[in-house]
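Inspection log for the structure reproduced underneath, given as structure tokens.
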There are 2 protein chains.
Amino acid sequence: MADRKHIPDPTLLRMCTYLRVLERHSGPTISSAGIAEAAGVNAAQVRKDLSFFGDFGRPGVGYHVDELTAGVQRAMGLDRERRAVIVGAGALGSALISYPGFQARGFRIAAIFDSNPAKVGHILRSFEVMPMSELANTVASENVTIGIITVPRVGAQDVADTLAEAGVAAIVNFAPITLRVPPHVRLRNVDLTQQLEALAYYLGD
Amino acid sequence: MADRKHIPDPTLLRMCTYLRVLERHSGPTISSAGIAEAAGVNAAQVRKDLSFFGDFGRPGVGYHVDELTAGVQRAMGLDRERRAVIVGAGALGSALISYPGFQARGFRIAAIFDSNPAKVGHILRSFEVMPMSELANTVASENVTIGIITVPRVGAQDVADTLAEAGVAAIVNFAPITLRVPPHVRLRNVDLTQQLEALAYYLGD
DNA sequence: CAGTGTGAAGCGCTTCACAGCT
DNA sequence: AGCTGTGAAGCGCTTCACACTG
């Protein structure tokens with residue numbers, strides 16, 4: 001795939017919301033105002049966001065829902081299956097294995113790994129927990145492009161190194177630490193406490 | 001508490017990272033460059049962020065770690081315990097009950113609820129799953145200010161309404177839907193698939 | 001002299017407003 | 001007339017640069 005043109009990160013994140021709105025919308029067409037209303041954003045924002053990916057709309061009519069959905073999914077690279085592995089068979093890891101939202105968007109969990117021998121071999125929602133020694137193999141043979149880190153903070157950097165070495169193209173990190181990864185590996189962090197902390201600032205005594 | 005002055009949302013989210021850097025730092029002082037390096041941001045950004053909360057630094061020296069930590073925690077309202085309830089005793093809810101990061105920042109889970117009678121009464125990591133009918137009681141008697149929604153999409157708006165009615169001041173929503181809440185209730189959304197989808201745009205074929 | 005705090009510049013996202021299409 | 005796509009304006013966050021301080 002050629003390098004894709006830059007799209008603002010906030011736009012990419014909003015696309016996810018728009019797709020959900022389209023999914024739940026009944027009727028053949030929808031206007032930017034309709035999407036905006038359901039997504040809780042400005043209508044001009046919706047039109048500008050969508051225009052990054054192509055000219056999907058028809059003046060006077062709006063957007064054809066099926067056409068827009070397909071177009072956006074293709075433009076965002078969501079029209080094919082992506083394989084991911086989860087590293088960390090703790091509570092969070094086992095919650096993510098069966099998270100319905102991943103399947104629905106074409107992300108398929110290929111396997112789950114843990115460095116703790118006591119966990120290896122156990123069955124977690126139909127997945128057998130694999131030892132770290134198998135990671136590189138699985139990534140290569142199962143065509144895995146995404147690594148999801150759900151280990152505690154102390155082990156996270158090692159896991160990131162292992163994943164990068166194994167050849168994943170992207171890492172989603174749930175551990176509360178700033179990871180270093182090679183420049184060709186895309187990294188995104190999800191911090192579960194961040195939102196709570198930001199909230200605390202506005203809460204009363 | 002009086003209305004607090006506006007602080008940019010990105011700043012509030014970064015504070016969380018800074019606090020972790022301070023926690024792990026050994027030595028009595030640290031410079032903005034040191035924090036920036038560990039947090040992966042610009043040093044000027046760090047100084048500007050911190051200056052929103054007070055003048056903590058000393059020219060030529062840097063920041064006194066203990067003093068800064070305490071100052072930031074107090075300024076952000078993280079120096080006292082906050083009670084939260086989780087609604088949704090599924091995989092995600094049960095992962096969040098025991099999430100160590102919450103405790104570490106003063107967020108205490110008071111109880112977990114579920115509308116499914118089959119789940120009520122079961123013990124989840126030492127918490128007995130409570131029926132929804134108990135929610136308002138618990139919020140009032142346990143001084144709960146935060147509600148965390150981990151139910152599937154279809155039930156989320158009802159849960160948000162119930163939480164708002166019960167009097168929580170803030171809601172953290174993990175369900176993939178745009179919620180409507182009364183203006184006095186602070187709402188933050190955490191979307192687990194968003195990060196993966198945004199990633200997909202940059203992944204190859 | 002090392003390092004903070006901050007005015008001002010820079011930059012990018014958001015919103016407006018309207019030409020143009022159906 | 002209704003609604004999109006978009007140039008331009010608006011606005012806020014980020015970065016720079018430096019006066020100032022211990």
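Following the order of the structure tokens, first chain is A, next is B, and so on, with residues numbered from 1 inside each chain and ligands from 1 in the order they appear.
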Wanna dump the chain B-chain D contacts at 9 Å for me, each residue with its shortest atom pair and the distance in Å to one decimal, counting only C-alpha atoms (C1' of nucleotides), ordered by chain and number, as JSON lines?
{"residue": "B:Pro8", "atom": "CA", "partner": "D:DC13", "partner_atom": "C1'", "distance": 7.8}
{"residue": "B:Pro10", "atom": "CA", "partner": "D:DC13", "partner_atom": "C1'", "distance": 8.3}
{"residue": "B:Asn42", "atom": "CA", "partner": "D:DT15", "partner_atom": "C1'", "distance": 8.0}
{"residue": "B:Ala44", "atom": "CA", "partner": "D:DT15", "partner_atom": "C1'", "distance": 7.0}
{"residue": "B:Gln45", "atom": "CA", "partner": "D:DT14", "partner_atom": "C1'", "distance": 7.0}
{"residue": "B:Arg58", "atom": "CA", "partner": "D:DG22", "partner_atom": "C1'", "distance": 7.3}
{"residue": "B:Pro59", "atom": "CA", "partner": "D:DT21", "partner_atom": "C1'", "distance": 5.7}
{"residue": "B:Gly60", "atom": "CA", "partner": "D:DG22", "partner_atom": "C1'", "distance": 6.5}
{"residue": "B:Val61", "atom": "CA", "partner": "D:DG22", "partner_atom": "C1'", "distance": 8.0}
Next item on the list: Write out as number ranges by chain all residues of segment 36-203 of chain A that DSSP puts in strand (DSSP E or B) for this structure's backbone.
Entry: A: 57-58, 62-64, 82-87, 107-114, 123-124, 127-131, 144-149, 170-173, 186-189
Filtering to C-alpha atoms, could you give me those residues as a compact mmCIF listing (two decimals), in the first residue's frame?
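And here's part.txt as it stands now:
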# COMPACT_ATOMS: atom_id res chain seq x y z
CA GLY A 57 -22.77 12.87 -1.07
CA ARG A 58 -25.36 14.26 -3.50
CA GLY A 62 -27.58 13.62 1.24
CA TYR A 63 -25.57 10.43 1.49
CA HIS A 64 -26.68 7.03 0.34
CA ARG A 82 -6.89 -7.92 10.21
CA ARG A 83 -5.31 -10.39 12.56
CA ALA A 84 -4.25 -9.37 16.05
CA VAL A 85 -2.64 -11.07 19.00
CA ILE A 86 -3.20 -10.18 22.63
CA VAL A 87 -0.28 -10.35 25.04
CA PHE A 107 -10.36 -7.43 13.68
CA ARG A 108 -9.82 -11.07 14.49
CA ILE A 109 -7.88 -12.26 17.50
CA ALA A 110 -5.45 -14.95 16.34
CA ALA A 111 -4.11 -15.96 19.75
CA ILE A 112 -3.40 -14.81 23.31
CA PHE A 113 -0.01 -15.06 25.02
CA ASP A 114 1.31 -14.85 28.55
CA ILE A 123 -8.38 -22.14 28.09
CA LEU A 124 -9.72 -18.58 28.06
CA PHE A 127 -8.45 -19.64 23.34
CA GLU A 128 -5.57 -21.63 24.73
CA VAL A 129 -3.07 -19.31 26.38
CA MET A 130 0.24 -19.65 24.51
CA PRO A 131 3.78 -19.18 25.80
CA VAL A 144 -0.75 -11.03 12.31
CA THR A 145 -0.30 -7.29 11.87
CA ILE A 146 -1.48 -5.94 15.23
CA GLY A 147 -0.27 -6.57 18.76
CA ILE A 148 -2.41 -5.66 21.75
CA ILE A 149 -0.57 -5.24 25.05
CA ALA A 170 1.02 -1.76 14.86
CA ILE A 171 0.68 -1.94 18.61
CA VAL A 172 -2.21 -0.94 20.83
CA ASN A 173 -0.92 -0.46 24.35
CA ARG A 186 2.52 2.39 14.63
CA LEU A 187 1.73 2.84 18.31
CA ARG A 188 -1.48 3.89 19.98
CA ASN A 189 -2.10 4.07 23.69
Item checked: atom CA of Lys119 of chain A to atom CA of Ala89 of chain A, distance in Å rounded to a single decimal ->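 Straight-line distance from atom CA of Lys119 of chain A to atom CA of Ala89 of chain A works out to 7.4 Å.
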Margin query: Can you work out which residues from chain C touch chain A at a cut-off of 10 Å (counting only C-alpha atoms (C1' of nucleotides)) and hand them back as a VMD selection string?
Written below: chain C and resid 12 to 16 20 to 22
N, CA, C and O atoms (P, O5', C5', C4', C3', O3' and C1' of nucleotides) of the current selection, written as a CSV table (one decimal), in the first residue's frame:
chain,number,residue,atom,x,y,z
C,12,DG,P,0.8,22.0,10.8
C,12,DG,O5',-0.6,21.4,11.3
C,12,DG,C5',-0.7,21.2,12.7
C,12,DG,C4',-2.2,21.1,13.1
C,12,DG,C3',-3.1,20.5,12.1
C,12,DG,O3',-4.1,19.8,12.7
C,12,DG,C1',-3.8,22.7,12.6
C,13,DC,P,-4.8,18.7,12.0
C,13,DC,O5',-6.3,18.8,12.7
C,13,DC,C5',-6.3,18.9,14.1
C,13,DC,C4',-7.5,19.7,14.6
C,13,DC,C3',-8.8,19.3,14.0
C,13,DC,O3',-9.7,19.2,15.0
C,13,DC,C1',-8.4,21.6,13.6
C,14,DT,P,-11.3,18.8,14.7
C,14,DT,O5',-12.1,20.1,14.7
C,14,DT,C5',-11.9,21.0,15.8
C,14,DT,C4',-12.8,22.2,15.6
C,14,DT,C3',-14.2,22.0,15.2
C,14,DT,O3',-15.1,22.8,16.0
C,14,DT,C1',-13.2,23.5,13.6
C,15,DT,P,-16.7,22.6,15.9
C,15,DT,O5',-17.1,23.9,15.1
C,15,DT,C5',-16.7,25.2,15.5
C,15,DT,C4',-17.0,26.1,14.4
C,15,DT,C3',-18.4,26.0,13.8
C,15,DT,O3',-19.2,27.2,14.0
C,15,DT,C1',-16.8,26.3,12.1
C,16,DC,P,-20.6,27.5,13.4
C,16,DC,O5',-20.2,28.5,12.2
C,16,DC,C5',-19.3,29.5,12.4
C,16,DC,C4',-19.0,30.2,11.1
C,16,DC,C3',-20.3,30.6,10.3
C,16,DC,O3',-20.1,31.9,9.9
C,16,DC,C1',-18.7,29.5,8.9
C,20,DG,P,-20.2,29.2,-8.6
C,20,DG,O5',-20.7,27.7,-8.4
C,20,DG,C5',-19.9,26.7,-7.9
C,20,DG,C4',-20.7,25.4,-7.8
C,20,DG,C3',-21.5,25.1,-9.0
C,20,DG,O3',-21.5,23.7,-9.3
C,20,DG,C1',-22.8,25.1,-7.1
C,21,DC,P,-21.7,23.2,-10.8
C,21,DC,O5',-22.4,21.8,-10.5
C,21,DC,C5',-22.0,21.0,-9.4
C,21,DC,C4',-23.2,20.3,-8.7
C,21,DC,C3',-24.2,19.7,-9.7
C,21,DC,O3',-24.4,18.3,-9.4
C,21,DC,C1',-25.3,20.9,-8.0
C,22,DT,P,-25.1,17.3,-10.4
C,22,DT,O5',-26.5,17.1,-9.7
C,22,DT,C5',-26.5,16.6,-8.3
C,22,DT,C4',-28.0,16.5,-7.9
C,22,DT,C3',-28.9,16.1,-9.0
C,22,DT,O3',-29.9,15.1,-8.4
C,22,DT,C1',-29.7,18.1,-8.1
Any idea which chain A residues end up within 7 Å of chain B if we count only C-alpha atoms, as a tab-separated table (two decimals) with C-alpha atoms, in the first residue's frame please?
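Written output follows (iface-v4.tsv):
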chain	number	residue	atom	x	y	z
A	1	MET	CA	0.00	0.00	0.00
A	4	ARG	CA	-1.67	7.37	2.54
A	12	LEU	CA	-9.95	9.19	12.01
A	13	LEU	CA	-11.36	8.74	15.50
A	16	CYS	CA	-15.57	5.17	13.94
A	39	ALA	CA	-22.84	11.61	16.56
A	76	MET	CA	-10.14	3.38	5.90
A	77	GLY	CA	-8.88	-0.09	5.15
A	78	LEU	CA	-11.67	-1.69	7.16
A	91	ALA	CA	-8.56	-9.71	33.35
A	92	LEU	CA	-8.25	-7.07	30.63
A	95	ALA	CA	-12.16	-9.24	28.31
A	101	GLY	CA	-16.71	-4.72	18.67
A	102	PHE	CA	-13.45	-6.11	17.34
A	169	ALA	CA	2.93	-3.30	11.99
A	178	THR	CA	5.21	5.41	27.54
A	188	ARG	CA	-1.48	3.89	19.98
A	193	THR	CA	-7.44	5.86	34.15
A	194	GLN	CA	-6.79	8.96	32.06
A	195	GLN	CA	-10.47	9.59	31.50
A	197	GLU	CA	-8.48	11.50	36.21
A	198	ALA	CA	-9.47	14.16	33.74
A	200	ALA	CA	-11.76	14.35	38.72
A	201	TYR	CA	-10.64	17.89	37.94
A	202	TYR	CA	-14.22	18.95	37.43
A	203	LEU	CA	-15.78	16.97	40.27
A	204	GLY	CA	-16.66	18.68	43.49
A	205	ASP	CA	-15.14	17.94	46.88
Check: When DSSP works through the backbone of this structure, what residues of segment 49-196 of chain A end up as alpha helix (DSSP H), shown as a PyMOL selection string?
Finding: chain A and resi 49-51+65-75+91-97+100-104+135-141+153-166+192-196
Checklist line | Distance in Å - atom CA of Ala166 of chain A versus atom CA of Ser133 of chain A | finding: 10.8 Å
Notebook entry, point to check: Mind pulling up the distance from atom CA of Tyr18 of chain A to atom C1' of DA17 of chain C?
Noted result: 24.1 Å
Item checked: Selection near Val46 of chain A, 8 Å with only C-alpha atoms (C1' of nucleotides), sequence-local residues under 3 positions removed, as a list in words -> Ser32, Ile35, Ala36, Val41, Asn42, Ala43, Asp49 and Leu50 of chain A
